[in-house]
file run02.cif (mmCIF, C-alpha atoms)
data_target
loop_
_atom_site.group_PDB
_atom_site.id
_atom_site.type_symbol
_atom_site.label_atom_id
_atom_site.label_comp_id
_atom_site.auth_asym_id
_atom_site.auth_seq_id
_atom_site.Cartn_x
_atom_site.Cartn_y
_atom_site.Cartn_z
ATOM 1 C CA MET A 533 61.640 105.345 142.201
ATOM 2 C CA ARG A 534 60.876 102.675 139.663
ATOM 3 C CA ALA A 535 57.801 101.663 141.648
ATOM 4 C CA LEU A 536 56.584 105.250 141.558
ATOM 5 C CA ALA A 537 57.076 105.381 137.790
ATOM 6 C CA VAL A 538 55.027 102.183 137.409
ATOM 7 C CA ILE A 539 52.238 103.600 139.576
ATOM 8 C CA VAL A 540 52.156 106.840 137.608
ATOM 9 C CA LEU A 541 52.056 104.951 134.311
ATOM 10 C CA LEU A 542 49.253 102.696 135.553
ATOM 11 C CA LEU A 543 47.197 105.682 136.725
ATOM 12 C CA TRP A 544 47.792 107.340 133.416
ATOM 13 C CA ALA A 545 46.540 104.263 131.565
ATOM 14 C CA GLY A 546 43.197 104.310 133.427
ATOM 15 C CA PRO A 547 41.234 106.521 131.029
ATOM 16 C CA ALA A 548 42.408 104.488 128.054
ATOM 17 C CA LEU A 549 40.883 101.317 129.535
ATOM 18 C CA ALA A 550 37.588 103.040 130.256
ATOM 19 C CA VAL A 551 36.517 103.171 126.607
ATOM 20 C CA GLY A 552 37.381 99.538 126.013
ATOM 21 C CA ALA A 553 40.919 99.162 124.772
ATOM 22 C CA ASP A 554 39.909 96.379 122.412
ATOM 23 C CA GLU A 555 37.284 98.472 120.607
ATOM 24 C CA THR A 556 37.923 99.575 117.053
ATOM 25 C CA MET A 557 38.437 103.316 116.860
ATOM 26 C CA LEU A 558 37.251 105.223 113.839
ATOM 27 C CA PRO A 559 40.020 105.669 111.254
ATOM 28 C CA ASP A 560 39.281 109.399 111.029
ATOM 29 C CA PRO A 561 40.609 110.958 114.292
ATOM 30 C CA ALA A 562 38.255 113.947 114.038
ATOM 31 C CA LYS A 563 35.251 111.614 113.848
ATOM 32 C CA GLU A 564 36.583 109.514 116.719
ATOM 33 C CA VAL A 565 36.806 112.678 118.854
ATOM 34 C CA ARG A 566 33.225 113.578 117.953
ATOM 35 C CA ALA A 567 32.052 110.053 118.757
ATOM 36 C CA ARG A 568 33.842 110.209 122.136
ATOM 37 C CA GLU A 569 32.194 113.532 122.930
ATOM 38 C CA LEU A 570 28.790 112.063 122.134
ATOM 39 C CA MET A 571 29.484 109.040 124.345
ATOM 40 C CA GLU A 572 30.290 111.345 127.266
ATOM 41 C CA ASP A 573 26.783 112.781 126.986
ATOM 42 C CA LEU A 574 24.940 109.434 126.864
ATOM 43 C CA ARG A 575 23.899 107.721 130.034
ATOM 44 C CA CYS A 576 24.483 104.021 130.573
ATOM 45 C CA LEU A 577 21.194 102.104 130.880
ATOM 46 C CA VAL A 578 22.700 99.562 133.233
ATOM 47 C CA CYS A 579 24.757 101.716 135.615
ATOM 48 C CA LYS A 580 22.398 104.753 135.516
ATOM 49 C CA ASN A 581 24.900 107.294 136.792
ATOM 50 C CA GLN A 582 27.772 106.651 134.435
ATOM 51 C CA SER A 583 28.135 107.757 130.867
ATOM 52 C CA ILE A 584 28.524 104.995 128.293
ATOM 53 C CA THR A 585 32.179 106.047 128.095
ATOM 54 C CA ASP A 586 32.764 105.101 131.712
ATOM 55 C CA SER A 587 30.695 101.945 131.814
ATOM 56 C CA ASN A 588 31.959 98.403 131.340
ATOM 57 C CA ALA A 589 28.446 97.098 130.760
ATOM 58 C CA ASP A 590 27.873 95.051 127.637
ATOM 59 C CA LEU A 591 24.998 97.278 126.561
ATOM 60 C CA ALA A 592 27.176 100.395 126.948
ATOM 61 C CA ARG A 593 29.716 98.785 124.638
ATOM 62 C CA ASP A 594 26.960 98.143 122.061
ATOM 63 C CA LEU A 595 25.811 101.754 122.302
ATOM 64 C CA ARG A 596 29.406 102.991 121.822
ATOM 65 C CA GLU A 597 29.590 100.823 118.714
ATOM 66 C CA ILE A 598 26.340 102.346 117.425
ATOM 67 C CA VAL A 599 27.581 105.895 118.095
ATOM 68 C CA ARG A 600 30.770 105.176 116.110
ATOM 69 C CA GLU A 601 28.796 103.619 113.238
ATOM 70 C CA ARG A 602 26.436 106.584 113.010
ATOM 71 C CA VAL A 603 29.213 109.158 113.184
ATOM 72 C CA ALA A 604 31.154 107.229 110.529
ATOM 73 C CA ALA A 605 28.025 107.202 108.355
ATOM 74 C CA GLY A 606 28.083 111.002 108.460
ATOM 75 C CA GLU A 607 25.219 111.700 110.882
ATOM 76 C CA THR A 608 25.228 114.951 112.825
ATOM 77 C CA ASP A 609 25.509 115.004 116.643
ATOM 78 C CA ALA A 610 21.811 115.896 116.855
ATOM 79 C CA GLN A 611 20.872 112.894 114.687
ATOM 80 C CA VAL A 612 22.892 110.491 116.830
ATOM 81 C CA ARG A 613 21.333 111.905 120.002
ATOM 82 C CA GLN A 614 17.844 111.652 118.463
ATOM 83 C CA TYR A 615 18.467 107.981 117.631
ATOM 84 C CA MET A 616 19.150 107.331 121.324
ATOM 85 C CA VAL A 617 16.274 109.514 122.589
ATOM 86 C CA ASP A 618 13.825 107.678 120.276
ATOM 87 C CA ARG A 619 14.726 104.436 122.027
ATOM 88 C CA TYR A 620 15.445 105.482 125.596
ATOM 89 C CA GLY A 621 13.831 108.902 126.064
ATOM 90 C CA ASP A 622 15.448 112.115 127.329
ATOM 91 C CA TRP A 623 16.623 110.002 130.242
ATOM 92 C CA ILE A 624 19.605 108.775 128.202
ATOM 93 C CA LEU A 625 21.033 112.299 127.875
ATOM 94 C CA MET A 626 23.410 113.289 130.660
ATOM 95 C CA LYS A 627 22.177 116.861 130.112
ATOM 96 C CA PRO A 628 18.418 116.537 129.668
ATOM 97 C CA PRO A 629 16.741 119.338 127.653
ATOM 98 C CA PHE A 630 14.759 121.994 129.498
ATOM 99 C CA ASN A 631 11.034 121.245 129.203
ATOM 100 C CA VAL A 632 7.927 120.922 131.367
ATOM 101 C CA ARG A 633 8.989 117.564 132.779
ATOM 102 C CA THR A 634 12.539 118.624 133.591
ATOM 103 C CA ALA A 635 11.776 122.193 134.746
ATOM 104 C CA LEU A 636 11.866 121.264 138.433
ATOM 105 C CA LEU A 637 15.169 119.439 137.933
ATOM 106 C CA TRP A 638 16.820 122.413 136.237
ATOM 107 C CA LEU A 639 15.335 125.054 138.531
ATOM 108 C CA ALA A 640 15.973 123.161 141.770
ATOM 109 C CA PRO A 641 19.459 124.681 142.361
ATOM 110 C CA ALA A 642 18.129 128.247 141.975
ATOM 111 C CA LEU A 643 15.146 127.366 144.145
ATOM 112 C CA MET A 644 17.438 125.973 146.827
ATOM 113 C CA LEU A 645 19.583 129.128 146.684
ATOM 114 C CA VAL A 646 16.515 131.323 147.182
ATOM 115 C CA LEU A 647 15.237 129.133 150.035
ATOM 116 C CA GLY A 648 18.697 129.030 151.651
ATOM 117 C CA GLY A 649 19.118 132.791 151.214
ATOM 118 C CA PHE A 650 15.758 133.374 152.848
ATOM 119 C CA GLY A 651 16.730 131.060 155.710
ATOM 120 C CA ALA A 652 20.046 132.874 156.214
ATOM 121 C CA TRP A 653 18.319 136.275 156.085
ATOM 122 C CA ALA A 654 15.725 135.162 158.660
ATOM 123 C CA PHE A 655 18.482 133.784 160.896
ATOM 124 C CA VAL A 656 20.595 136.951 160.762
ATOM 125 C CA ARG A 657 17.553 139.114 161.379
ATOM 126 C CA ARG A 658 16.662 137.144 164.497
ATOM 127 C CA GLN A 659 20.216 137.476 165.857
ATOM 128 C CA ARG A 660 20.434 141.247 165.449
ATOM 129 C CA PRO A 661 18.471 142.521 168.495
ATOM 130 C CA ALA A 662 20.753 140.634 170.923
ATOM 131 C CA ALA A 663 23.837 142.180 169.343
ATOM 132 C CA GLN A 664 22.554 145.746 169.723
ATOM 133 C CA PRO A 665 24.317 147.719 172.519
ATOM 134 C CA GLN A 666 22.109 148.881 175.350
ATOM 135 C CA ALA A 667 21.760 152.573 176.087
ATOM 136 C CA LEU A 668 24.042 153.846 178.885
ATOM 137 C CA ASP A 669 22.484 154.676 182.219
ATOM 138 C CA ALA A 670 23.197 157.911 184.122
ATOM 139 C CA ASP A 671 26.272 156.559 186.034
ATOM 140 C CA GLU A 672 27.841 155.185 182.838
ATOM 141 C CA GLN A 673 27.187 158.466 181.037
ATOM 142 C CA ALA A 674 29.029 160.301 183.810
ATOM 143 C CA ARG A 675 32.007 157.879 183.643
ATOM 144 C CA LEU A 676 32.168 158.184 179.878
ATOM 145 C CA ARG A 677 32.183 161.966 180.080
ATOM 146 C CA ALA A 678 34.960 161.855 182.708
ATOM 147 C CA LEU A 679 37.046 159.543 180.524
ATOM 148 C CA LEU A 680 36.569 161.729 177.466
ATOM 149 C CA ASP A 681 37.506 164.857 179.430
ATOM 150 C CA GLU A 682 40.698 163.165 180.660
ATOM 151 C CA ALA A 683 41.824 162.539 177.108
ATOM 152 C CA PRO A 684 44.567 164.892 175.984
ATOM 153 C CA MET B 1184 2.903 124.908 169.266
ATOM 154 C CA LYS B 1185 6.069 126.915 169.717
ATOM 155 C CA PRO B 1186 7.294 128.743 166.603
ATOM 156 C CA GLN B 1187 10.683 126.971 166.622
ATOM 157 C CA HIS B 1188 8.866 123.622 166.209
ATOM 158 C CA VAL B 1189 7.081 124.695 163.037
ATOM 159 C CA LEU B 1190 10.070 124.468 160.657
ATOM 160 C CA PRO B 1191 11.204 120.897 161.488
ATOM 161 C CA LEU B 1192 7.587 119.736 161.300
ATOM 162 C CA ALA B 1193 7.122 121.472 157.928
ATOM 163 C CA ILE B 1194 10.278 119.801 156.563
ATOM 164 C CA PHE B 1195 9.124 116.433 157.854
ATOM 165 C CA LEU B 1196 5.676 116.830 156.292
ATOM 166 C CA THR B 1197 7.135 117.946 152.937
ATOM 167 C CA ILE B 1198 9.422 114.915 152.753
ATOM 168 C CA SER B 1199 6.578 112.600 153.817
ATOM 169 C CA VAL B 1200 4.303 113.957 151.079
ATOM 170 C CA ALA B 1201 7.099 113.591 148.481
ATOM 171 C CA PHE B 1202 7.675 109.960 149.471
ATOM 172 C CA GLY B 1203 3.922 109.385 149.523
ATOM 173 C CA ILE B 1204 3.538 110.676 145.967
ATOM 174 C CA ALA B 1205 6.505 108.622 144.731
ATOM 175 C CA PHE B 1206 5.019 105.517 146.374
ATOM 176 C CA TYR B 1207 1.523 106.199 145.024
ATOM 177 C CA LEU B 1208 2.795 106.700 141.467
ATOM 178 C CA ASN B 1209 4.847 103.528 141.817
ATOM 179 C CA LEU B 1210 7.999 105.437 140.874
ATOM 180 C CA ASP B 1211 11.011 103.186 140.661
ATOM 181 C CA PRO B 1212 14.370 104.852 140.012
ATOM 182 C CA THR B 1213 15.807 101.605 138.661
ATOM 183 C CA GLU B 1214 13.303 101.608 135.793
ATOM 184 C CA THR B 1215 14.309 103.211 132.518
ATOM 185 C CA PRO B 1216 11.764 105.138 130.426
ATOM 186 C CA PHE B 1217 9.306 103.377 128.139
ATOM 187 C CA ALA B 1218 10.114 105.495 125.073
ATOM 188 C CA LEU B 1219 8.369 103.062 122.713
ATOM 189 C CA GLU B 1220 4.987 103.475 124.460
ATOM 190 C CA GLY B 1221 2.220 104.032 121.912
ATOM 191 C CA LYS B 1222 4.603 103.730 118.955
ATOM 192 C CA THR B 1223 4.538 101.088 116.233
ATOM 193 C CA VAL B 1224 6.662 97.967 116.525
ATOM 194 C CA PRO B 1225 10.221 98.684 115.296
ATOM 195 C CA ALA B 1226 11.157 97.251 111.910
ATOM 196 C CA PHE B 1227 13.047 93.977 112.319
ATOM 197 C CA ASP B 1228 13.329 90.494 110.890
ATOM 198 C CA LEU B 1229 15.012 87.880 113.067
ATOM 199 C CA PRO B 1230 15.971 84.319 112.120
ATOM 200 C CA PRO B 1231 14.554 81.427 114.162
ATOM 201 C CA ALA B 1232 16.442 80.677 117.369
ATOM 202 C CA ILE B 1233 15.227 77.087 117.515
ATOM 203 C CA GLU B 1234 15.959 74.536 114.835
ATOM 204 C CA GLY B 1235 12.799 73.940 112.804
ATOM 205 C CA GLY B 1236 11.054 76.794 114.624
ATOM 206 C CA GLU B 1237 9.873 80.098 113.269
ATOM 207 C CA GLY B 1238 11.690 83.418 113.503
ATOM 208 C CA LEU B 1239 10.071 86.719 114.361
ATOM 209 C CA ALA B 1240 9.545 89.827 112.253
ATOM 210 C CA THR B 1241 7.544 93.040 112.380
ATOM 211 C CA GLY B 1242 4.908 91.490 110.061
ATOM 212 C CA ASP B 1243 4.026 88.853 112.674
ATOM 213 C CA PHE B 1244 2.333 91.510 114.797
ATOM 214 C CA ARG B 1245 -0.208 92.504 112.176
ATOM 215 C CA GLY B 1246 -3.840 92.532 113.283
ATOM 216 C CA LYS B 1247 -3.553 90.805 116.644
ATOM 217 C CA VAL B 1248 -2.628 91.351 120.247
ATOM 218 C CA ALA B 1249 0.663 89.675 121.161
ATOM 219 C CA ILE B 1250 3.107 89.382 124.035
ATOM 220 C CA VAL B 1251 6.850 89.646 123.358
ATOM 221 C CA ASN B 1252 9.425 88.491 125.881
ATOM 222 C CA PHE B 1253 13.130 89.309 125.638
ATOM 223 C CA HIS B 1254 15.228 86.689 127.374
ATOM 224 C CA ALA B 1255 18.596 84.925 127.431
ATOM 225 C CA SER B 1256 19.843 81.615 128.769
ATOM 226 C CA TRP B 1257 22.588 83.378 130.769
ATOM 227 C CA CYS B 1258 20.079 85.525 132.638
ATOM 228 C CA ALA B 1259 19.000 84.223 136.062
ATOM 229 C CA PRO B 1260 15.737 86.240 136.332
ATOM 230 C CA CYS B 1261 14.736 84.828 132.914
ATOM 231 C CA ARG B 1262 14.995 81.341 134.336
ATOM 232 C CA ALA B 1263 13.025 82.475 137.375
ATOM 233 C CA GLU B 1264 10.118 83.760 135.254
ATOM 234 C CA HIS B 1265 10.179 80.755 132.919
ATOM 235 C CA PRO B 1266 7.478 78.740 134.758
ATOM 236 C CA VAL B 1267 5.128 81.750 134.536
ATOM 237 C CA LEU B 1268 5.721 81.980 130.774
ATOM 238 C CA MET B 1269 5.071 78.258 130.225
ATOM 239 C CA ASP B 1270 1.277 78.474 130.405
ATOM 240 C CA LEU B 1271 0.934 82.171 129.538
ATOM 241 C CA GLU B 1272 -0.381 81.559 126.012
ATOM 242 C CA LYS B 1273 -3.111 79.264 127.334
ATOM 243 C CA ARG B 1274 -4.071 81.640 130.161
ATOM 244 C CA THR B 1275 -4.131 84.858 128.160
ATOM 245 C CA GLY B 1276 -5.306 83.515 124.813
ATOM 246 C CA VAL B 1277 -2.775 85.655 122.941
ATOM 247 C CA PRO B 1278 0.428 84.455 121.246
ATOM 248 C CA VAL B 1279 3.596 84.721 123.313
ATOM 249 C CA TYR B 1280 6.647 85.460 121.183
ATOM 250 C CA GLY B 1281 10.233 85.343 122.350
ATOM 251 C CA ILE B 1282 13.361 87.213 121.347
ATOM 252 C CA ALA B 1283 16.626 85.671 122.504
ATOM 253 C CA TRP B 1284 18.851 88.652 123.270
ATOM 254 C CA LYS B 1285 22.654 88.505 123.073
ATOM 255 C CA ASP B 1286 22.648 84.780 123.634
ATOM 256 C CA LYS B 1287 24.548 81.851 122.179
ATOM 257 C CA GLN B 1288 22.290 79.750 119.998
ATOM 258 C CA ALA B 1289 23.511 76.448 121.463
ATOM 259 C CA ASP B 1290 22.986 77.624 125.071
ATOM 260 C CA LEU B 1291 19.509 78.891 124.279
ATOM 261 C CA ARG B 1292 18.469 75.679 122.543
ATOM 262 C CA ALA B 1293 19.797 73.565 125.411
ATOM 263 C CA TRP B 1294 17.841 75.646 127.921
ATOM 264 C CA LEU B 1295 14.527 75.594 126.053
ATOM 265 C CA ALA B 1296 14.948 71.885 125.277
ATOM 266 C CA ALA B 1297 15.463 71.109 128.965
ATOM 267 C CA ASP B 1298 12.889 73.431 130.575
ATOM 268 C CA GLY B 1299 10.358 73.684 127.742
ATOM 269 C CA ASN B 1300 9.693 76.286 125.085
ATOM 270 C CA PRO B 1301 6.809 78.614 126.002
ATOM 271 C CA PHE B 1302 7.014 80.644 122.772
ATOM 272 C CA SER B 1303 5.183 80.034 119.501
ATOM 273 C CA ARG B 1304 7.977 81.953 117.741
ATOM 274 C CA VAL B 1305 11.493 82.763 118.934
ATOM 275 C CA GLY B 1306 13.659 85.264 117.058
ATOM 276 C CA PHE B 1307 17.404 85.194 117.554
ATOM 277 C CA ASP B 1308 18.919 88.610 118.262
ATOM 278 C CA GLY B 1309 22.573 87.687 118.690
ATOM 279 C CA SER B 1310 23.964 91.205 118.313
ATOM 280 C CA GLY B 1311 21.293 92.717 120.577
ATOM 281 C CA ARG B 1312 20.454 95.446 118.063
ATOM 282 C CA VAL B 1313 16.747 94.609 117.887
ATOM 283 C CA GLY B 1314 16.581 94.807 121.684
ATOM 284 C CA ILE B 1315 18.129 98.276 121.511
ATOM 285 C CA ASP B 1316 15.498 99.272 118.922
ATOM 286 C CA TRP B 1317 12.844 98.229 121.451
ATOM 287 C CA GLY B 1318 14.624 100.294 124.109
ATOM 288 C CA ILE B 1319 15.419 97.453 126.479
ATOM 289 C CA SER B 1320 18.062 97.971 129.134
ATOM 290 C CA GLY B 1321 18.521 94.290 129.883
ATOM 291 C CA VAL B 1322 16.663 91.001 130.100
ATOM 292 C CA PRO B 1323 14.031 89.947 130.887
ATOM 293 C CA GLU B 1324 11.655 92.560 129.524
ATOM 294 C CA THR B 1325 8.124 91.866 128.371
ATOM 295 C CA PHE B 1326 5.971 93.932 126.014
ATOM 296 C CA VAL B 1327 2.378 93.853 124.786
ATOM 297 C CA VAL B 1328 1.575 94.892 121.216
ATOM 298 C CA ASP B 1329 -2.028 95.798 120.400
ATOM 299 C CA ARG B 1330 -4.102 94.983 117.326
ATOM 300 C CA ALA B 1331 -2.941 98.160 115.560
ATOM 301 C CA GLY B 1332 0.695 97.089 115.967
ATOM 302 C CA LYS B 1333 1.406 99.645 118.692
ATOM 303 C CA VAL B 1334 3.541 98.803 121.711
ATOM 304 C CA VAL B 1335 1.271 99.511 124.666
ATOM 305 C CA TRP B 1336 2.661 97.781 127.737
ATOM 306 C CA ARG B 1337 6.051 96.968 129.135
ATOM 307 C CA PHE B 1338 7.469 95.279 132.190
ATOM 308 C CA GLN B 1339 11.150 95.297 133.162
ATOM 309 C CA GLY B 1340 12.315 92.304 135.171
ATOM 310 C CA ALA B 1341 11.002 88.818 135.847
ATOM 311 C CA LEU B 1342 7.273 88.255 135.385
ATOM 312 C CA ASN B 1343 5.572 86.793 138.429
ATOM 313 C CA GLU B 1344 2.240 85.231 139.251
ATOM 314 C CA PRO B 1345 0.582 88.246 141.000
ATOM 315 C CA LEU B 1346 1.689 90.585 138.204
ATOM 316 C CA VAL B 1347 0.236 88.323 135.506
ATOM 317 C CA GLU B 1348 -3.003 87.799 137.437
ATOM 318 C CA LYS B 1349 -3.607 91.370 138.630
ATOM 319 C CA THR B 1350 -2.016 93.502 135.918
ATOM 320 C CA LEU B 1351 -1.218 91.707 132.657
ATOM 321 C CA ILE B 1352 -4.415 89.660 132.195
ATOM 322 C CA PRO B 1353 -6.784 92.583 133.046
ATOM 323 C CA PHE B 1354 -4.760 94.801 130.698
ATOM 324 C CA LEU B 1355 -5.089 92.271 127.854
ATOM 325 C CA GLN B 1356 -8.833 91.970 128.498
ATOM 326 C CA GLY B 1357 -9.066 95.732 128.181
ATOM 327 C CA LEU B 1358 -7.541 95.482 124.700
ATOM 328 C CA LYS B 1359 -10.109 92.967 123.421
#
call {"tool": "encode", "arguments": {"input": "run02.cif", "output": "structure tokens"}}
result
Amino acid sequence: MRALAVIVLLLWAGPALAVGADETMLPDPAKEVRARELMEDLRCLVCKNQSITDSNADLARDLREIVRERVAAGETDAQVRQYMVDRYGDWILMKPPFNVRTALLWLAPALMLVLGGFGAWAFVRRQRPAAQPQALDADEQARLRALLDEAP
Amino acid sequence: MKPQHVLPLAIFLTISVAFGIAFYLNLDPTETPFALEGKTVPAFDLPPAIEGGEGLATGDFRGKVAIVNFHASWCAPCRAEHPVLMDLEKRTGVPVYGIAWKDKQADLRAWLAADGNPFSRVGFDGSGRVGIDWGISGVPETFVVDRAGKVVWRFQGALNEPLVEKTLIPFLQGLK
């Protein structure tokens, strides 16, 4: 029982470690929340598929520090994001904006759905003829009529 | 060809063409974007990393082509590219500047004292903020700044002999 409690507590502590427990939080909790939200949306340059919140990389820590500084200095979310985009391009945003270069990326799911739907439609269409019942011949017609006549 | 063979072949050809294009364009998913391309050198002023040496600031790029190399003594690829940097100034005829990124001054000095200092100026960027302004994602990274003070070329990772010979030197000649 005690072991279970320890495990639960350790699992619970995981997210706290992710943002670097030794980092200085902003004194204003509302600003800290905003800074955390911004960090979630910024991609780590070293790990590529993690946000800077999740990354232990040294550079991610520096970027978290910069986000906190800028939020503390009163910059808007858009200004903080622009600071990062100026240095690292749209690439740094976990949700890249929709433009000519990212159109294929954003439209790919819809495109796949259309392609998959077409594939499924073609498959079903090809199956249908086999499933169609064949017309009854003369003997079967006679048997069917007899059976129907028997019915009360 | 039977109709049921067309689809697998079409899928195969599509994937082949996609890989072909990616290979032709030299696309490397581990590279991060070169957001600074064509923009002016970021504003910075770094103290000298070497005792008695000169630091590096935005003003040092005025009116000439220059190479800038971000490095650190703790970085293994930086040590690997070091021999290539040693005679780079002589071979290219343009100044090679260094920026020591997130390093300890004593470690950096010990390294350059032991293996030689290929840079005519080395700025010390202990906090790494200047590197972030240049958009680096790690060390080593090497940039070329043109006469107008615009950043025009970048390479992520360790410089090597074929790259210098076939890419960097022809690129610099194109700037002259």
call {"tool": "interface_residues", "arguments": {"input": "run02.cif", "of": "chain A", "to": "chain B", "cutoff": "10 Å", "atoms": "all atoms listed in the file", "output": "PyMOL selection string"}}
result
chain A and resi 576-580+590-592+594-595+598+615-624
call {"tool": "write_last_selection", "arguments": {"input": "run02.cif", "atoms": "C-alpha atoms", "output": "short mmCIF file (atom, residue, chain, number, x, y, z; two decimals), in the frame of the given file"}}
result
data_model
loop_
_atom_site.label_atom_id
_atom_site.label_comp_id
_atom_site.auth_asym_id
_atom_site.auth_seq_id
_atom_site.Cartn_x
_atom_site.Cartn_y
_atom_site.Cartn_z
CA CYS A 576 24.48 104.02 130.57
CA LEU A 577 21.19 102.10 130.88
CA VAL A 578 22.70 99.56 133.23
CA CYS A 579 24.76 101.72 135.62
CA LYS A 580 22.40 104.75 135.52
CA ASP A 590 27.87 95.05 127.64
CA LEU A 591 25.00 97.28 126.56
CA ALA A 592 27.18 100.40 126.95
CA ASP A 594 26.96 98.14 122.06
CA LEU A 595 25.81 101.75 122.30
CA ILE A 598 26.34 102.35 117.42
CA TYR A 615 18.47 107.98 117.63
CA MET A 616 19.15 107.33 121.32
CA VAL A 617 16.27 109.51 122.59
CA ASP A 618 13.82 107.68 120.28
CA ARG A 619 14.73 104.44 122.03
CA TYR A 620 15.44 105.48 125.60
CA GLY A 621 13.83 108.90 126.06
CA ASP A 622 15.45 112.12 127.33
CA TRP A 623 16.62 110.00 130.24
CA ILE A 624 19.60 108.78 128.20
#
call {"tool": "atom_distance", "arguments": {"input": "run02.cif", "atom1": "atom CA of B:Leu1196", "atom2": "atom CA of A:Gln659"}}
result
27.0 Å
call {"tool": "closest_residue", "arguments": {"input": "run02.cif", "among": "A:Ala652, A:Ala683, A:Leu558, A:Leu645", "to": "A:Val599", "atoms": "all atoms listed in the file"}}
result
A:Leu558
call {"tool": "residues_around", "arguments": {"input": "run02.cif", "residues": "B:Ala1255", "least_positions_apart": "5", "cutoff": "8 Å", "atoms": "only C-alpha atoms", "output": "number ranges by chain"}}
result
B: 1261, 1283-1286, 1291, 1322-1323
call {"tool": "write_last_selection", "arguments": {"input": "run02.cif", "atoms": "C-alpha atoms", "output": "PDB file, in the frame of the given file"}}
result
ATOM      1  CA  CYS B1261      14.736  84.828 132.914  1.00  0.00           C
ATOM      2  CA  ALA B1283      16.626  85.671 122.504  1.00  0.00           C
ATOM      3  CA  TRP B1284      18.851  88.652 123.270  1.00  0.00           C
ATOM      4  CA  LYS B1285      22.654  88.505 123.073  1.00  0.00           C
ATOM      5  CA  ASP B1286      22.648  84.780 123.634  1.00  0.00           C
ATOM      6  CA  LEU B1291      19.509  78.891 124.279  1.00  0.00           C
ATOM      7  CA  VAL B1322      16.663  91.001 130.100  1.00  0.00           C
ATOM      8  CA  PRO B1323      14.031  89.947 130.887  1.00  0.00           C
TER       9      PRO B1323
END
call {"tool": "resolve_selection", "arguments": {"input": "run02.cif", "expression": "the PyMOL selection byres ((chain B and resi 1269) around 10)", "output": "VMD selection string"}}
result
chain B and resid 1264 to 1268 1270 to 1274 1279 1298 to 1302
call {"tool": "closest_residue", "arguments": {"input": "run02.cif", "among": "A:Gly651, A:Lys563, A:Leu668, A:Met533", "to": "A:Gly606", "atoms": "only C-alpha atoms"}}
result
A:Lys563
call {"tool": "closest_residue", "arguments": {"input": "run02.cif", "among": "A:Leu643, A:Ala567, A:Val632, A:Glu597", "to": "A:Ala610", "atoms": "all atoms listed in the file"}}
result
A:Ala567
call {"tool": "resolve_selection", "arguments": {"input": "run02.cif", "expression": "the PyMOL selection byres ((chain B and resi 1352) around 12)", "output": "ChimeraX atom specification"}}
result
/B:1250,1271-1277,1327,1336,1344-1351,1353-1359
call {"tool": "axis_aligned_box", "arguments": {"input": "run02.cif", "around": "stretch 607-614 of chain A", "padding_each_side": "4 Å", "output": "JSON"}}
result
{"center_x": 21.7, "center_y": 113.2, "center_z": 115.4, "size_x": 15.7, "size_y": 13.4, "size_z": 17.1}
call {"tool": "build_atoms", "arguments": {"input": "run02.cif", "residues": "stretch 561-572 of chain A", "atoms": "N, CA and C atoms", "output": "compact mmCIF listing (two decimals), in the frame of the given file"}}
result
# COMPACT_ATOMS: atom_id res chain seq x y z
N PRO A 561 40.49 110.51 112.90
CA PRO A 561 40.61 110.96 114.29
C PRO A 561 39.58 112.02 114.67
N ALA A 562 39.23 112.90 113.73
CA ALA A 562 38.26 113.95 114.04
C ALA A 562 36.90 113.33 114.36
N LYS A 563 36.53 112.29 113.60
CA LYS A 563 35.25 111.61 113.85
C LYS A 563 35.28 110.84 115.16
N GLU A 564 36.45 110.24 115.46
CA GLU A 564 36.58 109.51 116.72
C GLU A 564 36.39 110.48 117.89
N VAL A 565 36.96 111.67 117.79
CA VAL A 565 36.81 112.68 118.85
C VAL A 565 35.33 113.05 119.03
N ARG A 566 34.65 113.24 117.89
CA ARG A 566 33.22 113.58 117.95
C ARG A 566 32.42 112.45 118.59
N ALA A 567 32.75 111.22 118.20
CA ALA A 567 32.05 110.05 118.76
C ALA A 567 32.28 109.98 120.26
N ARG A 568 33.53 110.24 120.70
CA ARG A 568 33.84 110.21 122.14
C ARG A 568 33.06 111.26 122.90
N GLU A 569 32.95 112.46 122.27
CA GLU A 569 32.19 113.53 122.93
C GLU A 569 30.73 113.15 123.09
N LEU A 570 30.18 112.51 122.06
CA LEU A 570 28.79 112.06 122.13
C LEU A 570 28.61 111.01 123.23
N MET A 571 29.57 110.11 123.33
CA MET A 571 29.48 109.04 124.34
C MET A 571 29.46 109.61 125.76
N GLU A 572 30.23 110.70 125.96
CA GLU A 572 30.29 111.34 127.27
C GLU A 572 28.92 111.84 127.70
